[in-house]
>>> print(open('input.txt').read())   # compact mmCIF, C-alpha atoms
# COMPACT_ATOMS: atom_id res chain seq x y z
CA MET G 233 -8.75 -8.95 -7.76
CA THR G 234 -10.79 -11.92 -6.66
CA GLU G 235 -9.40 -15.41 -6.44
CA THR G 236 -11.21 -17.97 -8.56
CA LEU G 237 -11.34 -21.28 -6.76
CA VAL G 238 -11.21 -24.17 -9.18
CA PRO G 239 -12.25 -27.46 -7.55
CA ASP G 240 -9.23 -29.72 -7.00
CA VAL G 241 -9.55 -33.15 -5.39
CA ASN G 242 -5.90 -32.99 -4.37
CA ARG G 243 -6.63 -30.16 -1.93
CA ALA G 244 -7.69 -31.56 1.43
CA ASP G 245 -10.11 -28.63 1.95
CA CYS G 246 -11.82 -28.81 -1.47
CA PRO G 247 -15.54 -29.71 -1.37
CA SER G 248 -14.96 -32.10 -4.28
CA ARG G 249 -13.05 -34.36 -1.88
CA ALA G 250 -16.15 -35.11 0.21
CA ILE G 251 -18.31 -35.73 -2.86
CA LEU G 252 -15.71 -38.11 -4.29
CA GLU G 253 -15.68 -39.96 -0.98
CA HIS G 254 -19.46 -40.34 -1.00
CA VAL G 255 -19.53 -41.89 -4.47
CA THR G 256 -16.47 -44.09 -3.90
CA SER G 257 -17.36 -45.24 -0.39
CA ARG G 258 -17.64 -49.00 0.10
CA TRP G 259 -21.45 -48.90 -0.03
CA GLY G 260 -21.80 -45.80 -2.21
CA VAL G 261 -20.23 -47.59 -5.20
CA LEU G 262 -22.42 -50.67 -4.81
CA VAL G 263 -25.65 -48.70 -4.24
CA LEU G 264 -25.06 -46.47 -7.28
CA ALA G 265 -24.15 -49.47 -9.45
CA ALA G 266 -27.30 -51.33 -8.34
CA LEU G 267 -29.58 -48.34 -8.96
CA LEU G 268 -28.20 -47.98 -12.49
CA GLU G 269 -29.87 -51.29 -13.30
CA ARG G 270 -33.28 -50.41 -11.78
CA SER G 271 -34.99 -48.70 -8.87
CA TYR G 272 -35.08 -50.53 -5.56
CA ARG G 273 -37.04 -50.57 -2.33
CA PHE G 274 -34.90 -50.26 0.78
CA SER G 275 -35.27 -53.90 1.84
CA GLU G 276 -34.61 -55.19 -1.69
CA LEU G 277 -31.48 -53.07 -1.96
CA ARG G 278 -30.29 -54.35 1.39
CA ARG G 279 -30.62 -57.95 0.15
CA HIS G 280 -28.92 -57.08 -3.16
CA VAL G 281 -25.83 -55.43 -1.66
CA GLY G 282 -24.27 -58.25 0.35
CA GLY G 283 -23.04 -57.40 3.82
CA VAL G 284 -24.50 -53.91 4.23
CA SER G 285 -26.17 -53.15 7.55
CA GLU G 286 -29.49 -51.33 7.75
CA LYS G 287 -27.77 -48.35 9.35
CA MET G 288 -24.99 -48.09 6.77
CA LEU G 289 -27.44 -48.44 3.88
CA ALA G 290 -29.65 -45.69 5.31
CA GLN G 291 -26.64 -43.40 5.80
CA THR G 292 -25.34 -44.11 2.30
CA LEU G 293 -28.71 -43.43 0.67
CA GLN G 294 -29.18 -40.25 2.67
CA SER G 295 -25.76 -38.93 1.67
CA LEU G 296 -26.38 -39.76 -2.01
CA GLU G 297 -29.82 -38.14 -1.82
CA ARG G 298 -28.37 -34.99 -0.23
CA ASP G 299 -25.76 -34.76 -3.01
CA GLY G 300 -28.50 -34.93 -5.64
CA PHE G 301 -27.63 -38.39 -6.99
CA VAL G 302 -30.52 -40.41 -5.57
CA LEU G 303 -34.28 -39.75 -5.46
CA ARG G 304 -36.23 -41.02 -2.46
CA ASP G 305 -39.89 -41.59 -3.24
CA ALA G 306 -42.06 -42.38 -0.21
CA LYS G 307 -45.40 -43.73 -1.44
CA PRO G 308 -48.41 -42.80 0.74
CA VAL G 309 -49.55 -46.41 1.06
CA ILE G 310 -50.07 -48.92 3.86
CA PRO G 311 -47.68 -50.55 4.58
CA PRO G 312 -45.23 -47.68 3.83
CA ARG G 313 -43.20 -48.10 0.68
CA VAL G 314 -40.05 -46.17 -0.24
CA ASP G 315 -38.46 -46.43 -3.67
CA TYR G 316 -34.95 -45.28 -4.49
CA SER G 317 -33.83 -44.34 -7.99
CA LEU G 318 -31.17 -42.22 -9.69
CA THR G 319 -31.45 -38.59 -10.76
CA PRO G 320 -29.90 -37.68 -14.14
CA LEU G 321 -26.76 -36.53 -12.26
CA GLY G 322 -26.78 -39.84 -10.37
CA GLN G 323 -27.05 -41.78 -13.63
CA ASP G 324 -23.94 -40.00 -14.86
CA VAL G 325 -21.85 -41.00 -11.85
CA ALA G 326 -23.44 -44.46 -11.52
CA THR G 327 -22.50 -45.26 -15.12
CA GLN G 328 -18.87 -44.64 -14.18
CA VAL G 329 -18.79 -46.61 -10.94
CA HIS G 330 -20.81 -49.46 -12.48
CA ALA G 331 -18.20 -49.75 -15.26
CA LEU G 332 -15.41 -49.65 -12.66
CA ALA G 333 -17.04 -52.37 -10.53
CA HIS G 334 -17.48 -54.65 -13.54
CA TRP G 335 -13.93 -53.96 -14.73
CA VAL G 336 -12.69 -55.05 -11.29
CA GLU G 337 -14.80 -58.23 -11.44
CA SER G 338 -13.26 -59.05 -14.83
CA LYS G 339 -9.70 -58.57 -13.53
CA VAL G 340 -9.91 -60.77 -10.41
CA PRO G 341 -7.71 -63.55 -11.88
CA GLU G 342 -5.01 -61.06 -12.97
CA VAL G 343 -5.00 -59.35 -9.58
CA GLN G 344 -4.87 -62.67 -7.74
CA LYS G 345 -1.85 -63.66 -9.84
CA ALA G 346 -0.18 -60.34 -8.96
CA ASN G 347 -0.96 -60.92 -5.26
CA ALA G 348 0.68 -64.35 -5.38
CA THR G 349 3.79 -63.01 -7.16
CA TYR G 350 4.10 -60.20 -4.64
CA ASP G 351 3.66 -62.49 -1.64
CA ASP G 352 6.09 -65.13 -3.01
CA ALA G 353 8.81 -62.51 -3.40
CA ARG G 354 8.50 -61.67 0.30
CA VAL G 355 8.56 -65.17 1.84
CA MET X 292 -20.74 -80.96 -11.65
CA THR X 293 -18.46 -78.19 -10.58
CA GLU X 294 -19.70 -74.75 -9.59
CA THR X 295 -18.24 -71.92 -11.64
CA LEU X 296 -17.70 -68.88 -9.44
CA VAL X 297 -18.23 -65.69 -11.37
CA PRO X 298 -16.86 -62.65 -9.52
CA ASP X 299 -19.68 -60.52 -8.12
CA VAL X 300 -19.01 -57.34 -6.13
CA ASN X 301 -22.40 -57.68 -4.47
CA ARG X 302 -21.26 -60.82 -2.64
CA ALA X 303 -19.56 -59.87 0.62
CA ASP X 304 -17.12 -62.79 0.28
CA CYS X 305 -16.10 -62.15 -3.35
CA PRO X 306 -12.43 -61.21 -3.84
CA SER X 307 -13.52 -58.46 -6.24
CA ARG X 308 -14.90 -56.59 -3.24
CA ALA X 309 -11.45 -56.09 -1.69
CA ILE X 310 -9.91 -55.02 -5.00
CA LEU X 311 -12.70 -52.51 -5.58
CA GLU X 312 -12.07 -51.13 -2.10
CA HIS X 313 -8.36 -50.71 -2.78
CA VAL X 314 -8.92 -48.69 -5.96
CA THR X 315 -11.79 -46.63 -4.53
CA SER X 316 -10.24 -45.96 -1.12
CA ARG X 317 -9.83 -42.29 -0.20
CA TRP X 318 -6.13 -42.33 -1.06
CA GLY X 319 -6.22 -45.09 -3.66
CA VAL X 320 -8.31 -42.94 -6.03
CA LEU X 321 -6.04 -39.92 -5.65
CA VAL X 322 -2.79 -41.89 -5.97
CA LEU X 323 -3.98 -43.69 -9.12
CA ALA X 324 -5.24 -40.43 -10.65
CA ALA X 325 -1.89 -38.72 -9.91
CA LEU X 326 0.18 -41.57 -11.36
CA LEU X 327 -1.86 -41.46 -14.57
CA GLU X 328 -0.32 -38.05 -15.23
CA ARG X 329 3.31 -39.05 -14.51
CA SER X 330 5.51 -41.15 -12.25
CA TYR X 331 6.25 -39.78 -8.79
CA ARG X 332 8.77 -40.16 -6.03
CA PHE X 333 7.27 -40.90 -2.63
CA SER X 334 7.88 -37.44 -1.18
CA GLU X 335 6.57 -35.69 -4.30
CA LEU X 336 3.43 -37.80 -4.25
CA ARG X 337 2.91 -36.99 -0.61
CA ARG X 338 3.04 -33.27 -1.40
CA HIS X 339 0.75 -33.68 -4.41
CA VAL X 340 -2.02 -35.56 -2.59
CA GLY X 341 -3.13 -33.06 0.04
CA GLY X 342 -3.69 -34.39 3.54
CA VAL X 343 -2.24 -37.88 3.17
CA SER X 344 0.02 -39.08 5.99
CA GLU X 345 3.29 -40.86 5.32
CA LYS X 346 1.88 -44.04 6.82
CA MET X 347 -1.35 -44.00 4.77
CA LEU X 348 0.51 -43.22 1.55
CA ALA X 349 2.92 -46.11 2.16
CA GLN X 350 0.02 -48.50 2.89
CA THR X 351 -1.91 -47.33 -0.18
CA LEU X 352 1.07 -47.74 -2.50
CA GLN X 353 1.87 -51.16 -1.07
CA SER X 354 -1.69 -52.37 -1.57
CA LEU X 355 -1.78 -51.05 -5.16
CA GLU X 356 1.61 -52.64 -5.84
CA ARG X 357 0.45 -55.98 -4.45
CA ASP X 358 -2.64 -55.89 -6.69
CA GLY X 359 -0.43 -55.31 -9.74
CA PHE X 360 -1.51 -51.71 -10.42
CA VAL X 361 1.64 -49.86 -9.31
CA LEU X 362 5.34 -50.47 -10.00
CA ARG X 363 7.82 -49.61 -7.29
CA ASP X 364 11.28 -48.89 -8.65
CA ALA X 365 13.99 -48.49 -6.00
CA LYS X 366 17.08 -46.95 -7.64
CA PRO X 367 20.43 -48.12 -6.20
CA VAL X 368 21.65 -44.58 -5.60
CA ILE X 369 22.70 -42.47 -2.64
CA PRO X 370 20.49 -40.98 -1.27
CA PRO X 371 17.93 -43.75 -1.95
CA ARG X 372 15.36 -42.94 -4.58
CA VAL X 373 12.08 -44.75 -5.16
CA ASP X 374 9.87 -44.04 -8.14
CA TYR X 375 6.24 -45.13 -8.44
CA SER X 376 4.47 -45.60 -11.76
CA LEU X 377 1.52 -47.51 -13.21
CA THR X 378 1.54 -50.96 -14.77
CA PRO X 379 -0.64 -51.42 -17.89
CA LEU X 380 -3.39 -52.85 -15.62
CA GLY X 381 -2.95 -49.83 -13.35
CA GLN X 382 -3.28 -47.45 -16.30
CA ASP X 383 -6.62 -49.08 -17.14
CA VAL X 384 -8.08 -48.53 -13.70
CA ALA X 385 -6.39 -45.14 -13.21
CA THR X 386 -7.99 -43.86 -16.41
CA GLN X 387 -11.38 -44.65 -14.91
CA VAL X 388 -10.82 -43.14 -11.46
CA HIS X 389 -9.10 -40.07 -12.97
CA ALA X 390 -12.19 -39.45 -15.13
CA LEU X 391 -14.42 -39.95 -12.09
CA ALA X 392 -12.39 -37.51 -9.96
CA HIS X 393 -12.51 -34.84 -12.66
CA TRP X 394 -16.21 -35.40 -13.25
CA VAL X 395 -16.78 -34.82 -9.52
CA GLU X 396 -14.70 -31.62 -9.63
CA SER X 397 -16.84 -30.37 -12.51
CA LYS X 398 -20.09 -31.05 -10.64
CA VAL X 399 -19.26 -29.31 -7.35
CA PRO X 400 -21.67 -26.39 -7.98
CA GLU X 401 -24.56 -28.73 -8.86
CA VAL X 402 -23.95 -30.88 -5.80
CA GLN X 403 -23.67 -27.85 -3.53
CA LYS X 404 -27.03 -26.63 -4.88
CA ALA X 405 -28.54 -30.06 -4.14
CA ASN X 406 -27.06 -29.99 -0.62
CA ALA X 407 -28.65 -26.58 0.04
CA THR X 408 -32.06 -27.70 -1.28
CA TYR X 409 -31.92 -30.84 0.85
CA ASP X 410 -30.89 -28.96 3.99
CA ASP X 411 -33.50 -26.19 3.48
CA ALA X 412 -36.28 -28.76 3.26
CA ARG X 413 -35.29 -30.11 6.67
CA VAL X 414 -35.00 -26.84 8.70
>>> encode(input="input.txt", output="structure tokens")
Amino acid sequence: MTETLVPDVNRADCPSRAILEHVTSRWGVLVLAALLERSYRFSELRRHVGGVSEKMLAQTLQSLERDGFVLRDAKPVIPPRVDYSLTPLGQDVATQVHALAHWVESKVPEVQKANATYDDARV
Amino acid sequence: MTETLVPDVNRADCPSRAILEHVTSRWGVLVLAALLERSYRFSELRRHVGGVSEKMLAQTLQSLERDGFVLRDAKPVIPPRVDYSLTPLGQDVATQVHALAHWVESKVPEVQKANATYDDARV
């Protein structure tokens, strides 16, 4: 008998865990959500996603490209131009994280009220 | 004229950024997804979410409670018993991260194929 391994994010050694961490990382979420709206050049994306360093953006894009979510298109022009866009698989996941990010934006007042209630109870 | 501040996750100083990070943190995602299925006691949850330390689980639950996503119910019994469950706001966000986690589980073979293609092209 062979054991069938069903992916399970609750198992620390499951490969799904690493993939989930790539798409939910601080910059992964914001990059995917941005690319759902349109394709971006590296420098444009860096300006769009506030606070990301060049190094972290490069790492994030490389990890999303390796997972098959992002397409890197280096145009053979002078000066060099690199466009980033989503694959169909990337569109699937970006749709989800984009919705989550906008849900969070819409709930800021509720969460801030909860924060205040929590903090008041502990003064 | 007063400036109306609309929450925007792409602004590094927007409060939505911190909330998004709480719900998409490594353990935040898994704790929310678990609590969508049922309420848990601390020790049960620690067993369910593979690899989480006691300290990280406590911090994660506290942050989700402070944001109004998780209810902590300490029963006045001996031995002490603490149950964790979702608030209605928490159910909303947990539904989204649960779907995302299961989507990722279902795409492991596709992502592994993409990983292999990416790595082969760089040997």
>>> residues_around(input="input.txt", residues="stretch 348-353 of chain G", least_positions_apart="5", cutoff="10 Å", atoms="all atoms listed in the file", output="ChimeraX atom specification")
/G:343 /X:353,356-359
>>> residues_around(input="input.txt", residues="X:Ala349", least_positions_apart="3", cutoff="12 Å", atoms="all atoms listed in the file", output="list of chain:residue names")
X:Trp318, X:Gly319, X:Val322, X:Arg332, X:Phe333, X:Ser334, X:Leu336, X:Arg337, X:Val343, X:Ser344, X:Glu345, X:Lys346, X:Leu352, X:Gln353, X:Ser354, X:Leu355, X:Glu356, X:Arg363, X:Val373, X:Tyr375
>>> closest_atom_pairs(input="input.txt", of="chain X", to="chain G", cutoff="8 Å", atoms="all atoms listed in the file", output="CSV")
residue,atom,partner,partner_atom,distance
X:Pro298,CA,G:Glu337,CA,5.2
X:Asp299,CA,G:Glu337,CA,6.3
X:Val300,CA,G:Glu337,CA,6.8
X:Asn301,CA,G:Val281,CA,5.0
X:Arg302,CA,G:Gly282,CA,5.0
X:Ala303,CA,G:Gly282,CA,5.0
X:Pro306,CA,G:Val340,CA,7.1
X:Ser307,CA,G:Glu337,CA,5.4
X:Ile310,CA,G:Val336,CA,6.9
X:Leu311,CA,G:Val336,CA,6.2
X:Glu312,CA,G:Arg258,CA,6.4
X:Thr315,CA,G:Thr256,CA,5.4
X:Ser316,CA,G:Thr256,CA,7.1
X:Arg317,CA,G:Glu253,CA,6.3
X:Leu321,CA,G:Asn242,CA,7.0
X:His339,CA,G:Asn242,CA,6.7
X:Val340,CA,G:Asn242,CA,5.0
X:Gly341,CA,G:Arg243,CA,5.0
X:Gly342,CA,G:Ala244,CA,5.3
X:Arg357,CA,G:Asn347,CA,5.2
X:Asp358,CA,G:Val343,CA,5.1
X:Gly359,CA,G:Ala346,CA,5.1
X:Val384,CA,G:Leu332,CA,7.5
X:Gln387,CA,G:Leu332,CA,6.8
X:Leu391,CA,G:Gln328,CA,6.8
X:Ala392,CA,G:Leu252,CA,6.6
X:Val395,CA,G:Ser248,CA,6.2
X:Glu396,CA,G:Pro239,CA,5.3
X:Ser397,CA,G:Pro239,CA,7.4
X:Val399,CA,G:Ser248,CA,6.0
X:Val402,CA,G:Asp299,CA,5.1
X:Gln403,CA,G:Asp299,CA,7.2
X:Ala405,CA,G:Gly300,CA,5.1
X:Asn406,CA,G:Arg298,CA,5.2
X:Tyr409,CA,G:Arg298,CA,5.6
X:Asp410,CA,G:Arg298,CA,7.8
>>> atom_distance(input="input.txt", atom1="atom CA of X:Ala385", atom2="atom CA of G:Ser317")
27.9 Å
>>> atom_distance(input="input.txt", atom1="atom CA of X:Leu362", atom2="atom CA of X:Glu335")
15.9 Å
>>> axis_aligned_box(input="input.txt", around="stretch 349-368 of chain X", padding_each_side="4 Å", output="AutoDock Vina command-line options")
--center_x 9.5 --center_y -50.3 --center_z -3.8 --size_x 32.3 --size_y 19.4 --size_z 21.3
>>> atom_distance(input="input.txt", atom1="atom CA of G:Arg313", atom2="atom CA of X:Arg413")
20.5 Å
>>> decode(input="input.txt", residues="chain G", atoms="C-alpha atoms", output="compact mmCIF listing (two decimals), in the first residue's frame")
# COMPACT_ATOMS: atom_id res chain seq x y z
CA MET G 233 0.00 0.00 0.00
CA THR G 234 1.20 3.49 -0.80
CA GLU G 235 0.39 6.48 1.33
CA THR G 236 -1.42 9.26 -0.49
CA LEU G 237 -0.24 12.61 0.77
CA VAL G 238 -3.01 15.17 0.68
CA PRO G 239 -1.69 18.73 1.06
CA ASP G 240 -2.52 20.14 4.50
CA VAL G 241 -1.48 23.64 5.55
CA ASN G 242 -1.67 22.59 9.18
CA ARG G 243 1.29 20.25 8.74
CA ALA G 244 4.54 22.14 9.29
CA ASP G 245 6.28 20.01 6.61
CA CYS G 246 3.62 20.38 3.90
CA PRO G 247 4.77 22.24 0.76
CA SER G 248 1.47 24.16 0.79
CA ARG G 249 2.72 26.00 3.88
CA ALA G 250 5.56 27.71 1.97
CA ILE G 251 3.28 28.65 -0.94
CA LEU G 252 0.72 30.14 1.45
CA GLU G 253 3.50 32.15 3.07
CA HIS G 254 4.64 33.53 -0.29
CA VAL G 255 1.17 34.78 -1.23
CA THR G 256 0.36 36.11 2.25
CA SER G 257 3.73 37.72 2.94
CA ARG G 258 3.67 41.44 3.70
CA TRP G 259 4.79 42.35 0.17
CA GLY G 260 3.37 39.31 -1.61
CA VAL G 261 -0.21 40.38 -0.84
CA LEU G 262 0.36 43.95 -2.00
CA VAL G 263 2.24 42.97 -5.17
CA LEU G 264 -0.41 40.44 -6.21
CA ALA G 265 -3.22 42.91 -5.48
CA ALA G 266 -1.46 45.62 -7.54
CA LEU G 267 -0.83 43.31 -10.50
CA LEU G 268 -4.50 42.33 -10.57
CA GLU G 269 -5.26 45.89 -11.63
CA ARG G 270 -2.60 46.08 -14.39
CA SER G 271 0.94 45.11 -15.30
CA TYR G 272 3.76 47.15 -13.79
CA ARG G 273 7.40 47.95 -14.43
CA PHE G 274 9.66 47.32 -11.45
CA SER G 275 10.17 50.99 -10.60
CA GLU G 276 6.46 51.79 -10.96
CA LEU G 277 5.54 48.90 -8.68
CA ARG G 278 8.07 50.06 -6.13
CA ARG G 279 6.44 53.51 -6.06
CA HIS G 280 2.94 51.98 -5.89
CA VAL G 281 3.61 49.68 -2.92
CA GLY G 282 4.52 52.12 -0.16
CA GLY G 283 7.51 51.24 2.00
CA VAL G 284 8.93 48.31 0.03
CA SER G 285 12.69 48.28 -0.49
CA GLU G 286 14.24 47.43 -3.83
CA LYS G 287 15.66 44.23 -2.37
CA MET G 288 12.40 43.03 -0.82
CA LEU G 289 10.44 43.81 -3.99
CA ALA G 290 12.94 41.87 -6.11
CA GLN G 291 12.80 38.90 -3.71
CA THR G 292 9.00 38.97 -3.61
CA LEU G 293 8.67 39.09 -7.41
CA GLN G 294 11.21 36.31 -7.84
CA SER G 295 9.40 34.06 -5.38
CA LEU G 296 6.02 34.74 -7.06
CA GLU G 297 7.57 34.12 -10.48
CA ARG G 298 9.10 30.83 -9.31
CA ASP G 299 5.71 29.69 -7.97
CA GLY G 300 4.11 30.39 -11.35
CA PHE G 301 2.00 33.38 -10.27
CA VAL G 302 3.93 36.20 -11.94
CA LEU G 303 5.36 36.59 -15.45
CA ARG G 304 8.58 38.55 -15.88
CA ASP G 305 8.94 40.01 -19.35
CA ALA G 306 12.33 41.58 -20.07
CA LYS G 307 12.04 43.68 -23.24
CA PRO G 308 15.20 43.76 -25.41
CA VAL G 309 15.27 47.55 -25.52
CA ILE G 310 17.64 50.31 -24.44
CA PRO G 311 17.28 51.29 -21.65
CA PRO G 312 16.25 47.83 -20.34
CA ARG G 313 12.59 47.45 -19.51
CA VAL G 314 11.04 44.68 -17.41
CA ASP G 315 7.28 44.25 -17.12
CA TYR G 316 5.58 42.14 -14.48
CA SER G 317 2.10 40.68 -14.91
CA LEU G 318 0.00 37.80 -13.57
CA THR G 319 -0.31 34.31 -15.02
CA PRO G 320 -3.81 32.76 -15.01
CA LEU G 321 -2.88 30.97 -11.75
CA GLY G 322 -1.66 34.29 -10.36
CA GLN G 323 -4.92 35.98 -11.32
CA ASP G 324 -6.78 33.34 -9.33
CA VAL G 325 -4.82 33.98 -6.14
CA ALA G 326 -4.56 37.75 -6.70
CA THR G 327 -8.35 38.00 -6.93
CA GLN G 328 -8.54 36.50 -3.45
CA VAL G 329 -5.86 38.62 -1.79
CA HIS G 330 -7.12 41.78 -3.53
CA ALA G 331 -10.60 41.16 -2.07
CA LEU G 332 -9.06 40.50 1.36
CA ALA G 333 -6.99 43.72 1.24
CA HIS G 334 -10.03 45.79 0.29
CA TRP G 335 -12.17 44.10 2.94
CA VAL G 336 -9.54 45.07 5.52
CA GLU G 337 -9.52 48.68 4.27
CA SER G 338 -13.31 48.80 4.65
CA LYS G 339 -13.16 47.49 8.24
CA VAL G 340 -10.55 49.89 9.64
CA PRO G 341 -13.08 51.86 11.75
CA GLU G 342 -14.56 48.66 13.26
CA VAL G 343 -11.13 47.28 14.08
CA GLN G 344 -9.99 50.57 15.59
CA LYS G 345 -13.09 50.55 17.82
CA ALA G 346 -12.27 46.98 18.90
CA ASN G 347 -8.66 48.03 19.63
CA ALA G 348 -9.86 50.88 21.85
CA THR G 349 -12.31 48.63 23.74
CA TYR G 350 -9.60 46.04 24.29
CA ASP G 351 -7.03 48.58 25.46
CA ASP G 352 -9.52 50.37 27.77
CA ALA G 353 -10.34 47.10 29.52
CA ARG G 354 -6.65 46.65 30.36
CA VAL G 355 -5.80 50.11 31.73
